[in-house]
file final.txt (compact mmCIF, C-alpha atoms)
# COMPACT_ATOMS: atom_id res chain seq x y z
CA MET Q 30 -39.14 98.43 -203.98
CA ALA Q 31 -42.88 99.14 -204.13
CA VAL Q 32 -44.10 102.49 -205.45
CA TRP Q 33 -45.33 103.38 -201.95
CA ASP Q 34 -41.91 103.23 -200.26
CA ASP Q 35 -41.34 107.00 -200.50
CA LEU Q 36 -44.72 107.78 -198.97
CA VAL Q 37 -43.66 108.33 -195.37
CA GLY Q 38 -46.03 107.85 -192.44
CA GLN Q 39 -49.21 107.55 -194.56
CA ASP Q 40 -50.29 103.95 -193.90
CA ARG Q 41 -54.01 104.67 -194.09
CA VAL Q 42 -53.68 106.49 -197.41
CA VAL Q 43 -51.51 103.71 -198.85
CA GLU Q 44 -54.14 101.16 -197.84
CA GLN Q 45 -56.89 103.10 -199.63
CA LEU Q 46 -54.83 103.66 -202.77
CA THR Q 47 -53.74 100.04 -202.91
CA ALA Q 48 -57.37 98.89 -202.76
CA ALA Q 49 -58.28 101.34 -205.52
CA ALA Q 50 -55.36 100.18 -207.68
CA ARG Q 51 -56.49 96.55 -207.25
CA ASP Q 52 -60.03 97.40 -208.38
CA ALA Q 53 -58.71 99.48 -211.29
CA ASP Q 54 -56.46 96.62 -212.38
CA ALA Q 55 -59.30 94.09 -212.19
CA TYR Q 56 -61.53 96.42 -214.17
CA VAL Q 57 -59.07 96.95 -217.02
CA THR Q 58 -58.14 93.27 -217.12
CA ALA Q 59 -61.81 92.28 -217.33
CA ALA Q 60 -62.49 94.91 -220.00
CA ALA Q 61 -59.54 93.68 -222.06
CA SER Q 62 -60.74 90.08 -221.77
CA GLY Q 63 -64.24 91.09 -222.85
CA ALA Q 64 -62.92 93.07 -225.80
CA SER Q 65 -60.79 90.17 -227.00
CA GLY Q 66 -63.75 87.81 -226.56
CA ASP Q 67 -65.99 89.77 -228.95
CA GLY Q 68 -63.32 90.59 -231.46
CA GLY Q 69 -62.51 93.95 -229.98
CA SER Q 70 -65.61 95.54 -231.49
CA ARG Q 71 -66.97 97.10 -228.30
CA ALA Q 72 -66.35 100.86 -228.09
CA ALA Q 73 -65.69 102.72 -224.85
CA SER Q 74 -68.13 105.48 -224.06
CA PRO Q 75 -69.52 107.23 -220.97
CA GLY Q 76 -72.27 105.25 -219.34
CA THR Q 77 -70.86 101.83 -220.35
CA PRO Q 78 -68.57 99.50 -218.38
CA GLU Q 79 -65.64 100.98 -220.32
CA SER Q 80 -66.05 104.34 -218.58
CA PRO Q 81 -64.54 105.02 -215.12
CA GLY Q 82 -67.02 107.86 -214.57
CA PRO Q 83 -69.68 107.86 -211.87
CA SER Q 84 -72.36 107.34 -214.51
CA ALA Q 85 -71.15 103.81 -215.32
CA PRO Q 86 -73.81 101.27 -214.30
CA SER Q 87 -71.25 98.53 -213.78
CA GLY Q 88 -67.51 98.03 -213.85
CA LEU Q 89 -66.19 100.59 -211.38
CA SER Q 90 -69.49 101.48 -209.73
CA GLY Q 91 -69.24 100.85 -205.99
CA SER Q 92 -65.54 99.97 -206.12
CA ALA Q 93 -62.61 101.56 -204.32
CA MET Q 94 -61.61 103.19 -207.61
CA THR Q 95 -63.00 106.39 -209.06
CA HIS Q 96 -62.13 108.83 -211.84
CA ALA Q 97 -61.09 111.86 -209.72
CA TRP Q 98 -59.03 112.10 -206.53
CA LEU Q 99 -58.20 115.05 -204.31
CA PHE Q 100 -55.06 114.82 -202.16
CA THR Q 101 -54.77 117.39 -199.39
CA GLY Q 102 -52.41 117.80 -196.47
CA PRO Q 103 -49.84 120.09 -194.88
CA PRO Q 104 -46.75 121.16 -196.85
CA GLY Q 105 -44.15 118.42 -196.92
CA SER Q 106 -46.61 115.60 -196.26
CA GLY Q 107 -45.97 114.09 -199.69
CA LEU Q 108 -49.05 115.01 -201.73
CA ALA Q 109 -47.34 114.79 -205.11
CA THR Q 110 -45.43 111.68 -204.01
CA ALA Q 111 -48.69 109.92 -203.11
CA ALA Q 112 -50.34 110.94 -206.37
CA ARG Q 113 -47.35 109.88 -208.48
CA ALA Q 114 -47.15 106.52 -206.67
CA PHE Q 115 -50.86 105.95 -207.35
CA ALA Q 116 -50.34 106.86 -211.02
CA ALA Q 117 -47.56 104.28 -211.20
CA ALA Q 118 -49.73 101.61 -209.55
CA LEU Q 119 -52.48 102.27 -212.09
CA GLN Q 120 -49.99 101.62 -214.91
CA CYS Q 121 -48.39 98.56 -213.28
CA VAL Q 122 -47.96 95.57 -215.62
CA SER Q 123 -46.13 93.24 -213.24
CA PRO Q 124 -46.89 89.53 -213.86
CA ASP Q 125 -47.25 89.14 -210.06
CA ARG Q 126 -50.72 90.67 -210.36
CA ALA Q 127 -52.01 87.44 -211.84
CA LEU Q 128 -50.83 85.63 -208.70
CA GLY Q 129 -52.64 88.00 -206.36
CA GLY Q 130 -49.90 90.62 -205.99
CA ALA Q 131 -50.95 94.23 -205.54
CA PRO Q 132 -50.29 96.66 -208.42
CA GLY Q 133 -47.38 99.01 -207.80
CA CYS Q 134 -44.36 96.71 -207.82
CA GLY Q 135 -42.01 99.59 -208.65
CA PHE Q 136 -39.92 97.49 -211.06
CA CYS Q 137 -42.02 96.91 -214.18
CA ASP Q 138 -41.92 99.23 -217.15
CA GLY Q 139 -45.26 100.84 -216.27
CA CYS Q 140 -44.23 101.66 -212.70
CA HIS Q 141 -40.72 102.78 -213.58
CA THR Q 142 -41.65 105.14 -216.39
CA ALA Q 143 -44.52 106.64 -214.39
CA LEU Q 144 -42.25 107.33 -211.42
CA ILE Q 145 -39.48 108.98 -213.45
CA GLY Q 146 -41.92 111.02 -215.56
CA THR Q 147 -41.55 109.41 -218.99
CA HIS Q 148 -44.75 107.38 -219.23
CA ALA Q 149 -46.76 108.44 -222.28
CA ASP Q 150 -50.08 108.18 -220.43
CA VAL Q 151 -49.12 109.98 -217.23
CA GLU Q 152 -49.24 113.77 -217.51
CA VAL Q 153 -47.74 115.65 -214.56
CA VAL Q 154 -48.65 119.33 -214.43
CA ARG Q 155 -46.65 121.59 -212.15
CA THR Q 156 -45.93 125.27 -212.51
CA ASN Q 157 -43.13 127.63 -211.58
CA GLN Q 158 -45.42 130.54 -212.45
CA LEU Q 159 -47.77 132.34 -210.08
CA SER Q 160 -50.87 130.69 -211.55
CA ILE Q 161 -52.16 128.15 -214.08
CA GLY Q 162 -54.32 129.72 -216.78
CA ALA Q 163 -57.36 128.53 -218.70
CA ASP Q 164 -55.41 127.97 -221.94
CA VAL Q 165 -53.09 125.45 -220.29
CA THR Q 166 -56.01 123.67 -218.62
CA ARG Q 167 -58.10 123.63 -221.81
CA ASP Q 168 -55.24 122.05 -223.76
CA LEU Q 169 -54.80 119.49 -221.00
CA VAL Q 170 -58.48 118.56 -221.03
CA ARG Q 171 -58.41 118.24 -224.81
CA ARG Q 172 -55.56 115.72 -224.62
CA THR Q 173 -57.37 113.64 -222.01
CA GLN Q 174 -60.20 112.94 -224.44
CA LEU Q 175 -57.87 110.53 -226.23
CA SER Q 176 -57.62 106.87 -225.27
CA PRO Q 177 -54.47 105.71 -223.44
CA SER Q 178 -51.72 105.34 -226.01
CA GLY Q 179 -50.18 102.27 -224.47
CA GLY Q 180 -50.87 102.24 -220.77
CA ARG Q 181 -53.86 100.99 -218.84
CA TRP Q 182 -55.17 104.43 -217.83
CA GLN Q 183 -54.77 108.02 -218.92
CA VAL Q 184 -53.61 109.77 -215.72
CA VAL Q 185 -53.40 113.54 -215.18
CA LEU Q 186 -51.64 114.76 -212.04
CA LEU Q 187 -52.16 118.44 -211.15
CA GLU Q 188 -49.69 119.15 -208.36
CA GLU Q 189 -51.01 122.60 -207.41
CA ILE Q 190 -54.68 122.86 -208.21
CA ASP Q 191 -54.92 125.81 -205.81
CA ARG Q 192 -52.97 127.86 -208.39
CA LEU Q 193 -55.67 127.51 -211.06
CA THR Q 194 -57.28 130.78 -212.06
CA GLU Q 195 -61.07 130.98 -211.78
CA SER Q 196 -61.55 130.40 -215.50
CA ALA Q 197 -59.08 127.49 -215.46
CA ALA Q 198 -60.95 125.90 -212.54
CA ASN Q 199 -64.20 126.12 -214.50
CA VAL Q 200 -62.56 124.36 -217.46
CA LEU Q 201 -61.36 121.60 -215.15
CA LEU Q 202 -64.80 121.28 -213.54
CA LYS Q 203 -66.33 120.36 -216.89
CA ALA Q 204 -63.75 117.60 -217.40
CA VAL Q 205 -64.27 116.19 -213.90
CA GLU Q 206 -68.06 116.29 -214.30
CA GLU Q 207 -67.91 114.37 -217.58
CA PRO Q 208 -64.76 112.23 -217.41
CA ALA Q 209 -63.36 110.72 -220.57
CA PRO Q 210 -63.21 106.91 -220.68
CA ARG Q 211 -60.30 105.49 -218.65
CA THR Q 212 -59.04 108.92 -217.60
CA VAL Q 213 -58.11 109.56 -213.97
CA TRP Q 214 -57.57 113.01 -212.45
CA LEU Q 215 -55.22 113.32 -209.44
CA LEU Q 216 -55.47 116.77 -207.84
CA CYS Q 217 -53.21 118.08 -205.07
CA ALA Q 218 -53.92 121.06 -202.81
CA PRO Q 219 -52.91 122.20 -199.31
CA SER Q 220 -56.52 121.98 -198.09
CA ALA Q 221 -59.99 121.27 -199.40
CA ASP Q 222 -60.86 124.95 -198.97
CA ASP Q 223 -58.36 125.77 -201.74
CA VAL Q 224 -60.49 123.87 -204.26
CA LEU Q 225 -63.81 124.87 -205.79
CA PRO Q 226 -66.63 123.11 -203.90
CA THR Q 227 -68.05 121.89 -207.20
CA ILE Q 228 -64.74 120.19 -208.07
CA ARG Q 229 -64.22 118.93 -204.52
CA SER Q 230 -67.64 117.27 -204.44
CA ARG Q 231 -66.79 115.20 -207.52
CA CYS Q 232 -63.52 113.82 -206.13
CA ARG Q 233 -62.63 111.15 -203.63
CA HIS Q 234 -60.82 113.03 -200.88
CA LEU Q 235 -57.66 111.72 -199.19
CA VAL Q 236 -56.09 113.67 -196.32
CA LEU Q 237 -52.38 113.16 -195.64
CA ARG Q 238 -50.82 113.96 -192.28
CA THR Q 239 -47.50 115.44 -191.30
CA PRO Q 240 -45.04 112.51 -191.29
CA PRO Q 241 -43.46 111.56 -187.94
CA VAL Q 242 -39.97 112.98 -187.46
CA ASP Q 243 -38.40 109.57 -186.93
CA ALA Q 244 -39.97 108.23 -190.14
CA VAL Q 245 -38.57 111.16 -192.16
CA ALA Q 246 -35.13 110.67 -190.62
CA ASP Q 247 -35.24 106.96 -191.45
CA MET Q 248 -36.10 107.74 -195.08
CA LEU Q 249 -33.20 110.21 -195.37
CA ILE Q 250 -30.81 107.59 -194.02
CA ARG Q 251 -32.21 104.74 -196.11
CA ARG Q 252 -32.84 106.48 -199.43
CA ASP Q 253 -30.37 109.38 -199.50
CA GLY Q 254 -27.46 107.95 -197.52
CA ILE Q 255 -27.51 110.82 -195.01
CA GLU Q 256 -25.56 110.39 -191.78
CA PRO Q 257 -27.96 109.45 -188.97
CA ASP Q 258 -27.24 112.47 -186.75
CA VAL Q 259 -27.62 114.88 -189.70
CA ALA Q 260 -30.83 113.17 -190.83
CA VAL Q 261 -32.39 113.29 -187.37
CA ALA Q 262 -31.45 116.97 -186.94
CA ALA Q 263 -32.88 117.91 -190.35
CA ALA Q 264 -36.13 115.99 -189.78
CA ARG Q 265 -36.59 117.48 -186.31
CA THR Q 266 -35.78 121.02 -187.46
CA THR Q 267 -38.30 120.90 -190.33
CA GLN Q 268 -40.92 119.11 -188.20
CA GLY Q 269 -41.44 116.32 -190.70
CA HIS Q 270 -41.43 118.36 -193.92
CA ILE Q 271 -39.84 115.81 -196.26
CA ASP Q 272 -38.54 118.08 -199.04
CA ARG Q 273 -37.18 120.72 -196.66
CA ALA Q 274 -35.54 118.05 -194.51
CA ARG Q 275 -33.80 116.56 -197.54
CA ARG Q 276 -32.63 119.97 -198.71
CA LEU Q 277 -31.38 120.96 -195.26
CA ALA Q 278 -29.49 117.68 -194.91
CA THR Q 279 -27.83 117.88 -198.34
CA ASP Q 280 -27.36 121.61 -199.06
CA ALA Q 281 -24.83 123.56 -197.00
CA ARG Q 282 -26.16 126.87 -198.38
CA ALA Q 283 -29.62 126.05 -197.06
CA ARG Q 284 -28.18 125.47 -193.60
CA THR Q 285 -26.29 128.78 -193.78
CA ARG Q 286 -29.42 130.72 -194.80
CA ARG Q 287 -31.44 129.09 -192.04
CA ALA Q 288 -28.82 130.03 -189.45
CA ALA Q 289 -28.99 133.65 -190.64
CA VAL Q 290 -32.79 133.68 -190.33
CA LEU Q 291 -32.74 132.23 -186.81
CA ALA Q 292 -30.26 134.90 -185.74
CA LEU Q 293 -32.76 137.68 -186.52
CA PRO Q 294 -34.76 137.59 -183.24
CA THR Q 295 -31.63 138.33 -181.21
CA ARG Q 296 -30.36 141.14 -183.44
CA MET Q 297 -33.22 143.66 -183.34
CA GLU Q 298 -32.20 146.07 -180.58
CA ASP Q 299 -33.71 149.14 -182.22
CA ILE Q 300 -35.77 150.14 -185.26
CA GLY Q 301 -32.68 150.50 -187.41
CA ASP Q 302 -31.64 146.92 -186.63
CA ALA Q 303 -35.15 145.70 -187.45
CA LEU Q 304 -35.19 147.41 -190.84
CA ARG Q 305 -31.69 146.20 -191.69
CA ALA Q 306 -32.71 142.65 -190.75
CA ALA Q 307 -35.74 142.94 -193.03
CA GLN Q 308 -33.57 144.10 -195.94
CA GLN Q 309 -31.13 141.25 -195.39
CA LEU Q 310 -33.93 138.69 -195.29
CA VAL Q 311 -35.43 139.92 -198.57
CA ASP Q 312 -32.00 140.15 -200.22
CA ALA Q 313 -31.20 136.58 -199.17
CA ALA Q 314 -34.50 135.37 -200.63
CA GLY Q 315 -33.74 137.21 -203.85
CA GLU Q 316 -30.28 135.65 -204.12
CA ASP Q 317 -31.71 132.21 -203.45
CA ALA Q 318 -34.33 132.72 -206.15
CA LYS Q 319 -31.74 134.00 -208.60
CA GLU Q 320 -29.61 130.90 -208.11
CA ALA Q 321 -32.67 128.72 -208.63
CA VAL Q 322 -33.77 130.25 -211.96
CA GLU Q 323 -30.65 131.81 -213.50
CA GLU Q 324 -29.41 128.69 -215.27
CA VAL Q 325 -32.88 127.75 -216.52
CA ASP Q 326 -33.50 131.28 -217.81
CA ALA Q 327 -30.21 131.35 -219.72
CA ARG Q 328 -30.87 127.99 -221.32
CA GLU Q 329 -34.43 128.93 -222.31
CA THR Q 330 -33.27 132.21 -223.83
CA GLU Q 331 -30.58 130.54 -225.94
CA GLU Q 332 -32.95 127.82 -227.10
CA MET Q 333 -35.56 130.39 -228.07
CA ARG Q 334 -33.05 132.52 -229.95
CA ALA Q 335 -31.85 129.45 -231.83
CA ALA Q 336 -35.44 128.44 -232.64
CA LEU Q 337 -36.13 131.93 -234.01
CA GLY Q 338 -33.07 131.78 -236.25
CA ALA Q 339 -30.85 134.31 -234.46
CA SER Q 340 -27.12 133.80 -234.95
CA GLU Q 341 -24.93 133.50 -231.87
CA GLY Q 342 -24.56 136.99 -230.45
CA GLY Q 343 -26.48 138.42 -233.41
CA ARG Q 344 -29.76 140.28 -233.71
CA LEU Q 345 -33.14 138.58 -233.72
CA PRO Q 346 -35.00 138.32 -237.04
CA ARG Q 347 -37.62 140.97 -237.67
CA GLY Q 348 -41.00 140.31 -236.10
CA THR Q 349 -39.75 138.02 -233.32
CA ALA Q 350 -39.31 140.59 -230.55
CA GLY Q 351 -42.79 139.86 -229.21
CA VAL Q 352 -41.92 136.21 -228.70
CA MET Q 353 -38.86 137.12 -226.64
CA LYS Q 354 -40.91 139.57 -224.59
CA ASP Q 355 -43.39 136.82 -223.78
CA LEU Q 356 -40.50 134.60 -222.68
CA GLU Q 357 -39.08 137.37 -220.51
CA LYS Q 358 -42.51 137.87 -218.94
CA ARG Q 359 -42.75 134.18 -218.06
CA GLN Q 360 -39.23 134.21 -216.66
CA LYS Q 361 -39.99 137.25 -214.53
CA SER Q 362 -43.09 135.55 -213.18
CA ARG Q 363 -41.03 132.46 -212.38
CA ALA Q 364 -38.43 134.55 -210.57
CA THR Q 365 -41.17 136.22 -208.52
CA ARG Q 366 -42.56 132.82 -207.59
CA ALA Q 367 -39.09 131.56 -206.64
CA GLN Q 368 -38.45 134.60 -204.45
CA ARG Q 369 -41.80 134.18 -202.71
CA ASP Q 370 -41.12 130.50 -202.09
CA SER Q 371 -37.67 131.22 -200.69
CA LEU Q 372 -39.00 134.00 -198.45
CA ASP Q 373 -41.83 131.76 -197.28
CA LEU Q 374 -39.34 129.09 -196.21
CA ALA Q 375 -37.46 131.70 -194.17
CA LEU Q 376 -40.70 132.82 -192.52
CA LEU Q 377 -41.57 129.22 -191.68
CA ASP Q 378 -38.18 128.87 -189.96
CA LEU Q 379 -38.91 132.04 -188.01
CA THR Q 380 -42.33 130.72 -186.99
CA ALA Q 381 -40.72 127.49 -185.77
CA PHE Q 382 -38.27 129.51 -183.67
CA TYR Q 383 -41.06 131.38 -181.87
CA ARG Q 384 -42.99 128.14 -181.50
CA ASP Q 385 -40.00 126.78 -179.58
CA VAL Q 386 -39.94 129.93 -177.45
CA LEU Q 387 -43.61 129.43 -176.61
CA VAL Q 388 -43.01 125.78 -175.75
CA ARG Q 389 -40.38 126.79 -173.21
CA GLN Q 390 -42.50 129.61 -171.79
CA LEU Q 391 -45.46 127.30 -171.21
CA GLY Q 392 -43.33 124.58 -169.66
CA SER Q 393 -44.47 122.01 -172.22
CA GLN Q 394 -42.71 118.67 -172.46
CA VAL Q 395 -42.84 118.81 -176.28
CA ALA Q 396 -39.36 118.69 -177.81
CA ILE Q 397 -38.19 121.89 -179.44
CA ALA Q 398 -37.41 121.83 -183.15
CA ASN Q 399 -34.35 124.08 -183.19
CA GLU Q 400 -31.93 122.38 -180.83
CA ASP Q 401 -28.97 124.09 -182.49
CA VAL Q 402 -30.16 127.50 -181.24
CA ARG Q 403 -31.46 126.35 -177.86
CA ASP Q 404 -29.50 129.07 -176.05
CA ALA Q 405 -31.25 131.83 -178.02
CA VAL Q 406 -34.62 130.17 -177.50
CA GLU Q 407 -34.06 129.93 -173.75
CA ARG Q 408 -32.85 133.52 -173.51
CA ILE Q 409 -35.86 135.00 -175.34
CA ALA Q 410 -38.28 132.70 -173.50
CA ALA Q 411 -36.94 133.94 -170.16
CA SER Q 412 -37.00 137.63 -171.07
CA THR Q 413 -40.47 137.85 -172.70
CA ARG Q 414 -44.04 136.75 -171.99
CA PRO Q 415 -46.14 134.14 -173.85
CA GLU Q 416 -48.56 136.78 -175.12
CA GLN Q 417 -45.64 138.62 -176.74
CA THR Q 418 -44.53 135.41 -178.43
CA LEU Q 419 -48.04 134.81 -179.76
CA ARG Q 420 -48.16 138.33 -181.19
CA ARG Q 421 -44.79 137.75 -182.86
CA MET Q 422 -45.96 134.49 -184.39
CA GLU Q 423 -49.06 136.27 -185.68
CA ALA Q 424 -46.83 138.98 -187.19
CA VAL Q 425 -44.86 136.35 -189.10
CA LEU Q 426 -48.05 134.68 -190.34
CA GLU Q 427 -49.48 138.04 -191.39
CA CYS Q 428 -46.28 138.71 -193.36
CA ARG Q 429 -46.79 135.41 -195.21
CA ARG Q 430 -50.37 136.36 -196.03
CA ALA Q 431 -49.29 139.82 -197.20
CA VAL Q 432 -46.68 138.41 -199.58
CA GLU Q 433 -49.27 135.98 -200.92
CA ARG Q 434 -51.54 138.97 -201.62
CA ASN Q 435 -48.80 140.59 -203.74
CA VAL Q 436 -47.67 143.14 -201.16
CA ALA Q 437 -44.10 144.22 -201.93
CA PRO Q 438 -41.87 141.72 -200.05
CA LEU Q 439 -39.65 144.38 -198.47
CA LEU Q 440 -42.64 146.36 -197.20
CA ALA Q 441 -44.25 143.23 -195.72
CA VAL Q 442 -41.04 142.05 -194.06
CA GLU Q 443 -40.26 145.51 -192.65
CA ALA Q 444 -43.71 145.63 -191.05
CA MET Q 445 -43.09 142.21 -189.59
CA ALA Q 446 -39.65 143.14 -188.27
CA VAL Q 447 -41.01 146.20 -186.50
CA ALA Q 448 -43.79 144.09 -184.95
CA LEU Q 449 -41.26 141.49 -183.82
CA ARG Q 450 -39.17 144.11 -182.09
CA ALA Q 451 -42.21 145.65 -180.40
CA GLY Q 452 -43.50 142.30 -179.25

call {"tool": "encode", "arguments": {"input": "final.txt", "output": "structure tokens"}}
result
Amino acid sequence: MAVWDDLVGQDRVVEQLTAAARDADAYVTAAASGASGDGGSRAASPGTPESPGPSAPSGLSGSAMTHAWLFTGPPGSGLATAARAFAAALQCVSPDRALGGAPGCGFCDGCHTALIGTHADVEVVRTNQLSIGADVTRDLVRRTQLSPSGGRWQVVLLEEIDRLTESAANVLLKAVEEPAPRTVWLLCAPSADDVLPTIRSRCRHLVLRTPPVDAVADMLIRRDGIEPDVAVAAARTTQGHIDRARRLATDARARTRRAAVLALPTRMEDIGDALRAAQQLVDAAGEDAKEAVEEVDARETEEMRAALGASEGGRLPRGTAGVMKDLEKRQKSRATRAQRDSLDLALLDLTAFYRDVLVRQLGSQVAIANEDVRDAVERIAASTRPEQTLRRMEAVLECRRAVERNVAPLLAVEAMAVALRAG
């Protein structure tokens, strides 16, 4: 199984990354041969063939490989999957490479450890907080100044570069401008507009597309053993969003929550119904978030107490209360992020519902996503006008923007519910 097998519907991107991995492999192999030929005395430094930076006069100059990559695309397109697969290909040590095989076999030690997250020279940075600060980024940049400990490249994968604070982005800019020898930055963001122009201009930009529904369904059947009818329904419902499709196909609670969300448009007869629906939606998101973080929070708290020397059930040693408060602050931030993410998924489901309504109203031949609630879609499509549906979709999108701007979730959802009822 090649490292690219989980990258669904991205043939063009796979072709580009494979070419880059080939050039990177040839470069490292040639550098290693040269070093062994002169006794290993040559030192790597920026501006020499040992450096992958744009200033190198030879080696990587003009090749398909470069030191910084920006992956953008819609949610669920597989940004992190593409970046992780590329990281694995860069670390591939398969003997087939000597026979002309492309790096990224998926079986060798380099590929396997990179894919499962245990490779010493592949750093994956993701956050369950609301943002990534300068301290975290500065520490990351400091570590990348070291040579690869055992692999062929030092690879840093930032899964959500759009969550960098302004100061953190400036720290990263310096590292991308002056890359350390044999260090590769893989940056993921929803769109290029979410990245500082100065960082964006120093990266090779790859744009992923929304995977075709049939390709996502095939992956669920092939890789996760999902029943074909369930896989097709999940892929169609999520419109090709890989992670959401997998969750919907495997988690009964996710299907129950989605059904509750899609029932909202038919339950808002008056203002009271709208406000109750808003409260239920926010409560459901809160419960979902609590389930997601509760176990992790409890484990972190116990580990921290043990590290500080507190006996089981006993008081903390003097002077350690501040440490626990910092932990509680991080956990609260994580819970807020989890609630926002859960609420955002619900709002996406609601947007898809009204998209189906609009499809029916306009007489389009495009297949609707929510076949399981076709009756409700048909009923609302027949009793309202397209301009009302567009206003409702805009109300849902405005609610998403409001939550992203730190508006209280209940207030934002209540405003949306009232707008949905008014049409």

call {"tool": "closest_atom_pairs", "arguments": {"input": "final.txt", "of": "stretch 287-403 of chain Q", "to": "stretch 149-169 of chain Q", "cutoff": "8 Å", "atoms": "only C-alpha atoms", "output": "tab-separated table"}}
result
residue	atom	partner	partner_atom	distance
Q:Arg359	CA	Q:Gln158	CA	7.2
Q:Ser362	CA	Q:Gln158	CA	5.6
Q:Arg363	CA	Q:Gln158	CA	4.8
Q:Thr365	CA	Q:Leu159	CA	7.8
Q:Arg366	CA	Q:Leu159	CA	5.8
Q:Ala367	CA	Q:Asn157	CA	7.5

call {"tool": "write_last_selection", "arguments": {"input": "final.txt", "atoms": "C-alpha atoms", "output": "compact mmCIF listing (two decimals), in the frame of the given file"}}
result
# COMPACT_ATOMS: atom_id res chain seq x y z
CA ARG Q 359 -42.75 134.18 -218.06
CA SER Q 362 -43.09 135.55 -213.18
CA ARG Q 363 -41.03 132.46 -212.38
CA THR Q 365 -41.17 136.22 -208.52
CA ARG Q 366 -42.56 132.82 -207.59
CA ALA Q 367 -39.09 131.56 -206.64

call {"tool": "residues_near_point", "arguments": {"input": "final.txt", "point": "(-37.1, 130.4, -181.2)", "cutoff": "6 Å", "atoms": "all atoms listed in the file", "output": "list in words"}}
result
Phe382, Tyr383, Asp385, Val386 and Val406 of chain Q

call {"tool": "write_last_selection", "arguments": {"input": "final.txt", "atoms": "C-alpha atoms", "output": "mmCIF file, in the frame of the given file"}}
result
data_model
loop_
_atom_site.group_PDB
_atom_site.id
_atom_site.type_symbol
_atom_site.label_atom_id
_atom_site.label_comp_id
_atom_site.auth_asym_id
_atom_site.auth_seq_id
_atom_site.Cartn_x
_atom_site.Cartn_y
_atom_site.Cartn_z
ATOM 1 C CA PHE Q 382 -38.270 129.510 -183.670
ATOM 2 C CA TYR Q 383 -41.060 131.380 -181.870
ATOM 3 C CA ASP Q 385 -40.000 126.780 -179.580
ATOM 4 C CA VAL Q 386 -39.940 129.930 -177.450
ATOM 5 C CA VAL Q 406 -34.620 130.170 -177.500
#

call {"tool": "residues_around", "arguments": {"input": "final.txt", "residues": "Q:Val57", "least_positions_apart": "3", "cutoff": "9 Å", "atoms": "only C-alpha atoms", "output": "ChimeraX atom specification"}}
result
/Q:52-54,60-62,79,181-182,211

call {"tool": "closest_residue", "arguments": {"input": "final.txt", "among": "Q:Ala278, Q:Ala143, Q:Gly38, Q:Ser178", "to": "Q:Glu256", "atoms": "only C-alpha atoms"}}
result
Q:Ala278

call {"tool": "atom_distance", "arguments": {"input": "final.txt", "atom1": "atom CA of Q:Val236", "atom2": "atom CA of Q:Arg252"}}
result
24.5 Å

call {"tool": "residues_around", "arguments": {"input": "final.txt", "residues": "stretch 280-297 of chain Q", "least_positions_apart": "6", "cutoff": "8 Å", "atoms": "only C-alpha atoms", "output": "list of chain:residue names"}}
result
Q:Ala303, Q:Ala306, Q:Leu310, Q:Ala313, Q:Ala375, Q:Asp378, Q:Leu379, Q:Phe382, Q:Val402, Q:Ala405, Q:Ile409, Q:Leu449, Q:Arg450

call {"tool": "closest_residue", "arguments": {"input": "final.txt", "among": "Q:Arg231, Q:Arg238, Q:Arg171, Q:Arg414", "to": "Q:Arg41", "atoms": "all atoms listed in the file"}}
result
Q:Arg238

call {"tool": "residues_around", "arguments": {"input": "final.txt", "residues": "Q:Thr212", "least_positions_apart": "2", "cutoff": "7 Å", "atoms": "only C-alpha atoms", "output": "number ranges by chain"}}
result
Q: 96, 173, 182-184, 208-210, 214

call {"tool": "closest_residue", "arguments": {"input": "final.txt", "among": "Q:Ala116, Q:Val32, Q:Ala318, Q:Leu99", "to": "Q:Asp223", "atoms": "only C-alpha atoms"}}
result
Q:Leu99

call {"tool": "closest_residue", "arguments": {"input": "final.txt", "among": "Q:Leu439, Q:Leu108, Q:Cys121, Q:Ala204", "to": "Q:Arg305", "atoms": "only C-alpha atoms"}}
result
Q:Leu439

call {"tool": "atom_distance", "arguments": {"input": "final.txt", "atom1": "atom CA of Q:Ala118", "atom2": "atom CA of Q:Leu175"}}
result
20.6 Å

call {"tool": "atom_distance", "arguments": {"input": "final.txt", "atom1": "atom CA of Q:Cys232", "atom2": "atom CA of Q:Trp98"}}
result
4.8 Å

call {"tool": "residues_around", "arguments": {"input": "final.txt", "residues": "Q:Val122", "least_positions_apart": "5", "cutoff": "9 Å", "atoms": "only C-alpha atoms", "output": "compact mmCIF listing (two decimals) with C-alpha atoms, keeping the file's coordinate frame"}}
result
# COMPACT_ATOMS: atom_id res chain seq x y z
CA PRO Q 132 -50.29 96.66 -208.42
CA GLY Q 133 -47.38 99.01 -207.80
CA CYS Q 134 -44.36 96.71 -207.82
CA CYS Q 137 -42.02 96.91 -214.18
CA ASP Q 138 -41.92 99.23 -217.15
CA GLY Q 139 -45.26 100.84 -216.27
CA CYS Q 140 -44.23 101.66 -212.70
CA GLY Q 180 -50.87 102.24 -220.77
CA ARG Q 181 -53.86 100.99 -218.84

call {"tool": "closest_residue", "arguments": {"input": "final.txt", "among": "Q:Leu36, Q:Ala339, Q:Ala263, Q:Ala451", "to": "Q:Thr239", "atoms": "only C-alpha atoms"}}
result
Q:Leu36

call {"tool": "closest_residue", "arguments": {"input": "final.txt", "among": "Q:Ala50, Q:Asp222, Q:Leu372, Q:Met248", "to": "Q:Gln309", "atoms": "only C-alpha atoms"}}
result
Q:Leu372

call {"tool": "axis_aligned_box", "arguments": {"input": "final.txt", "around": "stretch 395-404 of chain Q", "padding_each_side": "5 Å", "output": "lines of an AutoDock Vina configuration file"}}
result
center_x = -35.9
center_y = 123.9
center_z = -179.6
size_x = 23.9
size_y = 20.4
size_z = 17.1
